[in-house]
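Enquirer: My questions all concern the structure below.
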Amino acid sequence: MKFYGLVRALLFQLLLQHVTAALRAASSIRGIYLFKDVMKSNTTAIKTSGFNSLIIFGVGILEDGGIMYYSNTPGSTDVLIATNGTYVGGAALADKVSSFKIGGATGIDRVEISMNAQHVRELMQSPGPGPDTALYRNFAALKAAWGLDAVNNDDESIYDVNSTVAFAQMLGEVGLKYTTAPYTNTGFWSTITTQINKGLKEPDLLLDRVYLQCYDGGAGNDPGSWQNTLGMKVVPLVWVTNDSKPSQGTTVAQAQSKFSGWKSQSAVAGGGYWNDYDIEKMGLSYTDYGNVLTSLFP
């Protein structure tokens, strides 16, 4: 009897996990990129302004498989966060990142890191993606320390199919999802999406999100066209009001108009913002930008 009770309990847990994953997959995505040092961000505002997904930009792989967090912030220093299969980024940084999903007031249920493809091809060739490699163990250590859910690929130059697919599959073995942030080269992104998700179906896709850049170099992108090419829904991104490239900035009212149009025309998966901490720098409101997304993608 105890055996059958244990089996029922395990089956219930498996069912609960599947239902939870399905609900998350079905929910609208409200994302924001965090470009600069998270240690200096307004954590409370980010957690309580309607966003449910954070993508922390500026994480990179080193030649030896170590992982670095580049602060991109005056007064902050770059931090080695994982090496030799161990998290070494310090408790304060780990606590900060982990805190985004903690607390009754937070709306955040997913945290990703965003990186380019530097050193991926070389490391996938040698020593490869196996579980004994430094790269595999470093991502496992970082996932545990930061409570990571996914790794976002912002490759804008290398575009190597084989190593990208191998790297994504390695991350899947670690227990992470894989996402992309394209702005051009639809052929590459279509190919890796097909290969990475071969044999998989929602809600169990490995490459489960596409954050489409619809600003700067991707300003002319049509989310509906990309969705047809990739065979999956996308999350269009706009750049908030900024002083780096003011012509590419999007006010709250403009964001409302753009996202509303994309939703009605293409039934996109949600919406998101590129944010070089412009919201804080420019004295803008996380809540105002977040309200645009909650009103359209509840």
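Going by the structure tokens order, chains are called A, B, ..., each with residues numbered from 1, while ligands are numbered from 1 in the order shown.
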Which neighbours of Gln195 of chain A fall inside 12 Å, counting only C-alpha atoms, when residues of the same chain fewer than 2 positions from it are skipped, and could you give them as a PyMOL selection string?

Expert: chain A and resi 161-169+188-193+197-200+205-207+230

Enquirer: Generate a file of the selected residues that holds N, CA and C atoms, formatted as a JSON list (two decimals), in the first residue's frame.

Expert:
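Output (again03.json):
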[["chain", "number", "residue", "atom", "x", "y", "z"],
["A", 161, "VAL", "N", 25.42, 27.67, -37.17],
["A", 161, "VAL", "CA", 24.28, 26.83, -36.86],
["A", 161, "VAL", "C", 24.65, 25.67, -35.94],
["A", 162, "ASN", "N", 25.65, 24.89, -36.30],
["A", 162, "ASN", "CA", 25.95, 23.66, -35.57],
["A", 162, "ASN", "C", 26.29, 23.92, -34.11],
["A", 163, "SER", "N", 27.15, 24.91, -33.86],
["A", 163, "SER", "CA", 27.55, 25.18, -32.48],
["A", 163, "SER", "C", 26.40, 25.79, -31.68],
["A", 164, "THR", "N", 25.57, 26.59, -32.34],
["A", 164, "THR", "CA", 24.42, 27.18, -31.64],
["A", 164, "THR", "C", 23.45, 26.11, -31.19],
["A", 165, "VAL", "N", 23.17, 25.15, -32.06],
["A", 165, "VAL", "CA", 22.25, 24.06, -31.72],
["A", 165, "VAL", "C", 22.84, 23.20, -30.61],
["A", 166, "ALA", "N", 24.13, 22.89, -30.71],
["A", 166, "ALA", "CA", 24.77, 22.07, -29.67],
["A", 166, "ALA", "C", 24.77, 22.77, -28.33],
["A", 167, "PHE", "N", 25.03, 24.07, -28.33],
["A", 167, "PHE", "CA", 25.04, 24.85, -27.09],
["A", 167, "PHE", "C", 23.64, 24.89, -26.47],
["A", 168, "ALA", "N", 22.62, 25.11, -27.29],
["A", 168, "ALA", "CA", 21.25, 25.13, -26.78],
["A", 168, "ALA", "C", 20.88, 23.79, -26.17],
["A", 169, "GLN", "N", 21.25, 22.71, -26.82],
["A", 169, "GLN", "CA", 20.95, 21.38, -26.30],
["A", 169, "GLN", "C", 21.69, 21.12, -25.00],
["A", 188, "PHE", "N", 19.07, 31.99, -40.70],
["A", 188, "PHE", "CA", 19.79, 31.39, -39.58],
["A", 188, "PHE", "C", 18.84, 31.08, -38.44],
["A", 189, "TRP", "N", 18.04, 32.05, -38.06],
["A", 189, "TRP", "CA", 17.17, 31.86, -36.89],
["A", 189, "TRP", "C", 16.10, 30.80, -37.16],
["A", 190, "SER", "N", 15.61, 30.73, -38.38],
["A", 190, "SER", "CA", 14.64, 29.70, -38.73],
["A", 190, "SER", "C", 15.27, 28.31, -38.64],
["A", 191, "THR", "N", 16.50, 28.19, -39.13],
["A", 191, "THR", "CA", 17.18, 26.89, -39.11],
["A", 191, "THR", "C", 17.43, 26.40, -37.70],
["A", 192, "ILE", "N", 17.95, 27.27, -36.83],
["A", 192, "ILE", "CA", 18.25, 26.81, -35.47],
["A", 192, "ILE", "C", 16.97, 26.54, -34.69],
["A", 193, "THR", "N", 15.92, 27.32, -34.94],
["A", 193, "THR", "CA", 14.65, 27.07, -34.25],
["A", 193, "THR", "C", 14.13, 25.69, -34.57],
["A", 197, "ASN", "N", 14.26, 22.59, -31.71],
["A", 197, "ASN", "CA", 12.95, 22.11, -31.24],
["A", 197, "ASN", "C", 12.48, 20.85, -31.94],
["A", 198, "LYS", "N", 13.37, 20.20, -32.69],
["A", 198, "LYS", "CA", 12.99, 18.99, -33.41],
["A", 198, "LYS", "C", 12.46, 17.92, -32.46],
["A", 199, "GLY", "N", 11.27, 17.44, -32.75],
["A", 199, "GLY", "CA", 10.66, 16.39, -31.93],
["A", 199, "GLY", "C", 9.99, 16.89, -30.67],
["A", 200, "LEU", "N", 9.99, 18.19, -30.43],
["A", 200, "LEU", "CA", 9.42, 18.75, -29.22],
["A", 200, "LEU", "C", 8.14, 19.52, -29.52],
["A", 205, "LEU", "N", 8.95, 22.89, -25.45],
["A", 205, "LEU", "CA", 9.95, 23.38, -26.39],
["A", 205, "LEU", "C", 11.21, 23.79, -25.63],
["A", 206, "LEU", "N", 12.36, 23.52, -26.22],
["A", 206, "LEU", "CA", 13.62, 24.00, -25.64],
["A", 206, "LEU", "C", 13.81, 25.47, -25.99],
["A", 207, "LEU", "N", 13.72, 25.80, -27.28],
["A", 207, "LEU", "CA", 13.73, 27.20, -27.69],
["A", 207, "LEU", "C", 12.29, 27.67, -27.63],
["A", 230, "LEU", "N", 9.43, 31.58, -38.70],
["A", 230, "LEU", "CA", 9.95, 30.75, -37.61],
["A", 230, "LEU", "C", 9.01, 29.63, -37.20]]

Enquirer: Pull the strand (DSSP E or B) assignments for segment 25-236 of chain A out of DSSP run on the backbone, and list those residues as JSON, numbers by chain.

Expert: {"A": [29, 30, 31, 32, 33, 34, 53, 54, 55, 56, 57, 59, 60, 61, 67, 68, 69, 79, 80, 81, 82, 83, 86, 87, 110, 111, 112, 113, 114, 115, 150, 151, 152, 153, 177, 178, 179, 180, 207, 208, 209, 210, 211, 212, 213, 235, 236]}

Enquirer: From the options A:Thr186, A:Ser53, A:Ser41, A:Ser285, which residue's atoms come nearest to Asp149 of chain A, counting only C-alpha atoms?

Expert: A:Ser53

Enquirer: Extract the full set of alpha helix (DSSP H) residues from segment 15-211 of chain A according to DSSP on the backbone, and format it as an NGL selection string.

Expert: :A and (15-26 or 43-47 or 91-99 or 120-125 or 134-146 or 161-174 or 186-196)

Enquirer: Once you count only C-alpha atoms, what closest atom pair and distance in Å to one decimal does each residue of segment 20-80 of chain A within 12 Å of segment 154-158 of chain A have, with rows by chain and rising residue number, as a Markdown table?

Expert:
| residue | atom | partner | partner_atom | distance |
| --- | --- | --- | --- | --- |
| A:Tyr33 | CA | A:Asp154 | CA | 11.7 |
| A:Ile55 | CA | A:Asp154 | CA | 11.0 |
| A:Ile56 | CA | A:Asp154 | CA | 11.6 |
| A:Phe57 | CA | A:Asp154 | CA | 9.2 |
| A:Gly58 | CA | A:Asp154 | CA | 10.1 |
| A:Val59 | CA | A:Asp154 | CA | 10.6 |
| A:Gly60 | CA | A:Asp154 | CA | 10.8 |

Enquirer: Residues as selected, N, CA and C atoms, written as a compact mmCIF listing (two decimals), in the first residue's frame, can you do that?

Expert:
# COMPACT_ATOMS: atom_id res chain seq x y z
N TYR A 33 14.48 44.09 -20.78
CA TYR A 33 15.92 43.85 -20.71
C TYR A 33 16.54 44.82 -19.72
N ILE A 55 15.32 39.93 -18.58
CA ILE A 55 16.45 39.41 -19.34
C ILE A 55 17.65 40.28 -19.00
N ILE A 56 18.60 39.71 -18.27
CA ILE A 56 19.77 40.45 -17.80
C ILE A 56 20.85 40.40 -18.87
N PHE A 57 21.17 41.55 -19.42
CA PHE A 57 22.11 41.62 -20.53
C PHE A 57 23.55 41.77 -20.01
N GLY A 58 24.49 41.28 -20.83
CA GLY A 58 25.90 41.52 -20.53
C GLY A 58 26.61 40.35 -19.89
N VAL A 59 26.09 39.14 -20.06
CA VAL A 59 26.79 37.96 -19.58
C VAL A 59 27.53 37.34 -20.77
N GLY A 60 28.78 36.95 -20.55
CA GLY A 60 29.56 36.41 -21.65
C GLY A 60 30.39 35.22 -21.25

Enquirer: Between A:Thr179, A:Tyr273, A:Thr44, A:Glu173, which is the closest to Gly104 of chain A once you count only C-alpha atoms?

Expert: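 Closest candidate: A:Thr44.
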
Enquirer: Would you please work out which residue, of A:Ala117, A:Asn242, A:Gly187, A:Leu80, is nearest to Glu280 of chain A when using only C-alpha atoms?

Expert: A:Asn242

Enquirer: To one decimal place, how far is atom CA of Thr43 of chain A from atom CA of Ser257 of chain A in Å?

Expert: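 Interatomic distance here is 27.3 Å.
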
Enquirer: I'd like the interatomic distance between atom CA of Gln256 of chain A and atom CA of Gln213 of chain A, to a tenth of an Å.

Expert: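 Going from atom CA of Gln256 of chain A over to atom CA of Gln213 of chain A covers 16.5 Å.
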
Enquirer: Looking at only C-alpha atoms, which of A:Asn84, A:Thr294, A:Ser264, A:Ser225 is the one that sits closest to Thr133 of chain A?

Expert: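 Using only C-alpha atoms, the shortest distance to Thr133 of chain A belongs to A:Asn84.
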
Enquirer: For Val292 of chain A, which residue out of A:Tyr215, A:Phe139, A:Tyr277, A:Phe259 is the nearest one, using only C-alpha atoms?

Expert: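 Of the candidates, the smallest distance to Val292 of chain A is held by A:Phe259.
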
Enquirer: Find the residues near segment 65-73 of chain A: any atom within 7 Å, counting only C-alpha atoms, skip ones fewer than 2 places away on the same chain, and give them as a list in words.

Expert: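 Selected residues are Lys36, Asp37, Gly58, Val59, Gly60, Ile61, Leu62, Glu63, Gly75, Ser76, Thr77, Asp78, Val79, Leu80, Ile81, Ala82, Thr83, Ala134, Leu135 and Asn138 of chain A.
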
Enquirer: Using only C-alpha atoms, which of the listed residues (A:Pro236, A:Lys96, A:Asp109, A:Gly85) sits closest to Lys40 of chain A?

Expert: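 The shortest atom-to-atom distance to Lys40 of chain A comes from A:Lys96.
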
Enquirer: Would you list the contacts of Thr180 of chain A as a PyMOL selection string, taking every protein, DNA or RNA residue within 7 Å and counting only C-alpha atoms, but skipping same-chain residues closer than 6 positions in sequence?

Expert: chain A and resi 152-154+209-211

Enquirer: With only C-alpha atoms as the counted atoms, please give the residues lying no more than 12 Å from segment 28-30 of chain A, apart from itself and same-chain residues fewer than 2 positions off, as a ChimeraX atom specification.

Expert: /A:23-26,32-33,46-47,49-55,107-111,208-211,233-237,259,263,267-274,289-298
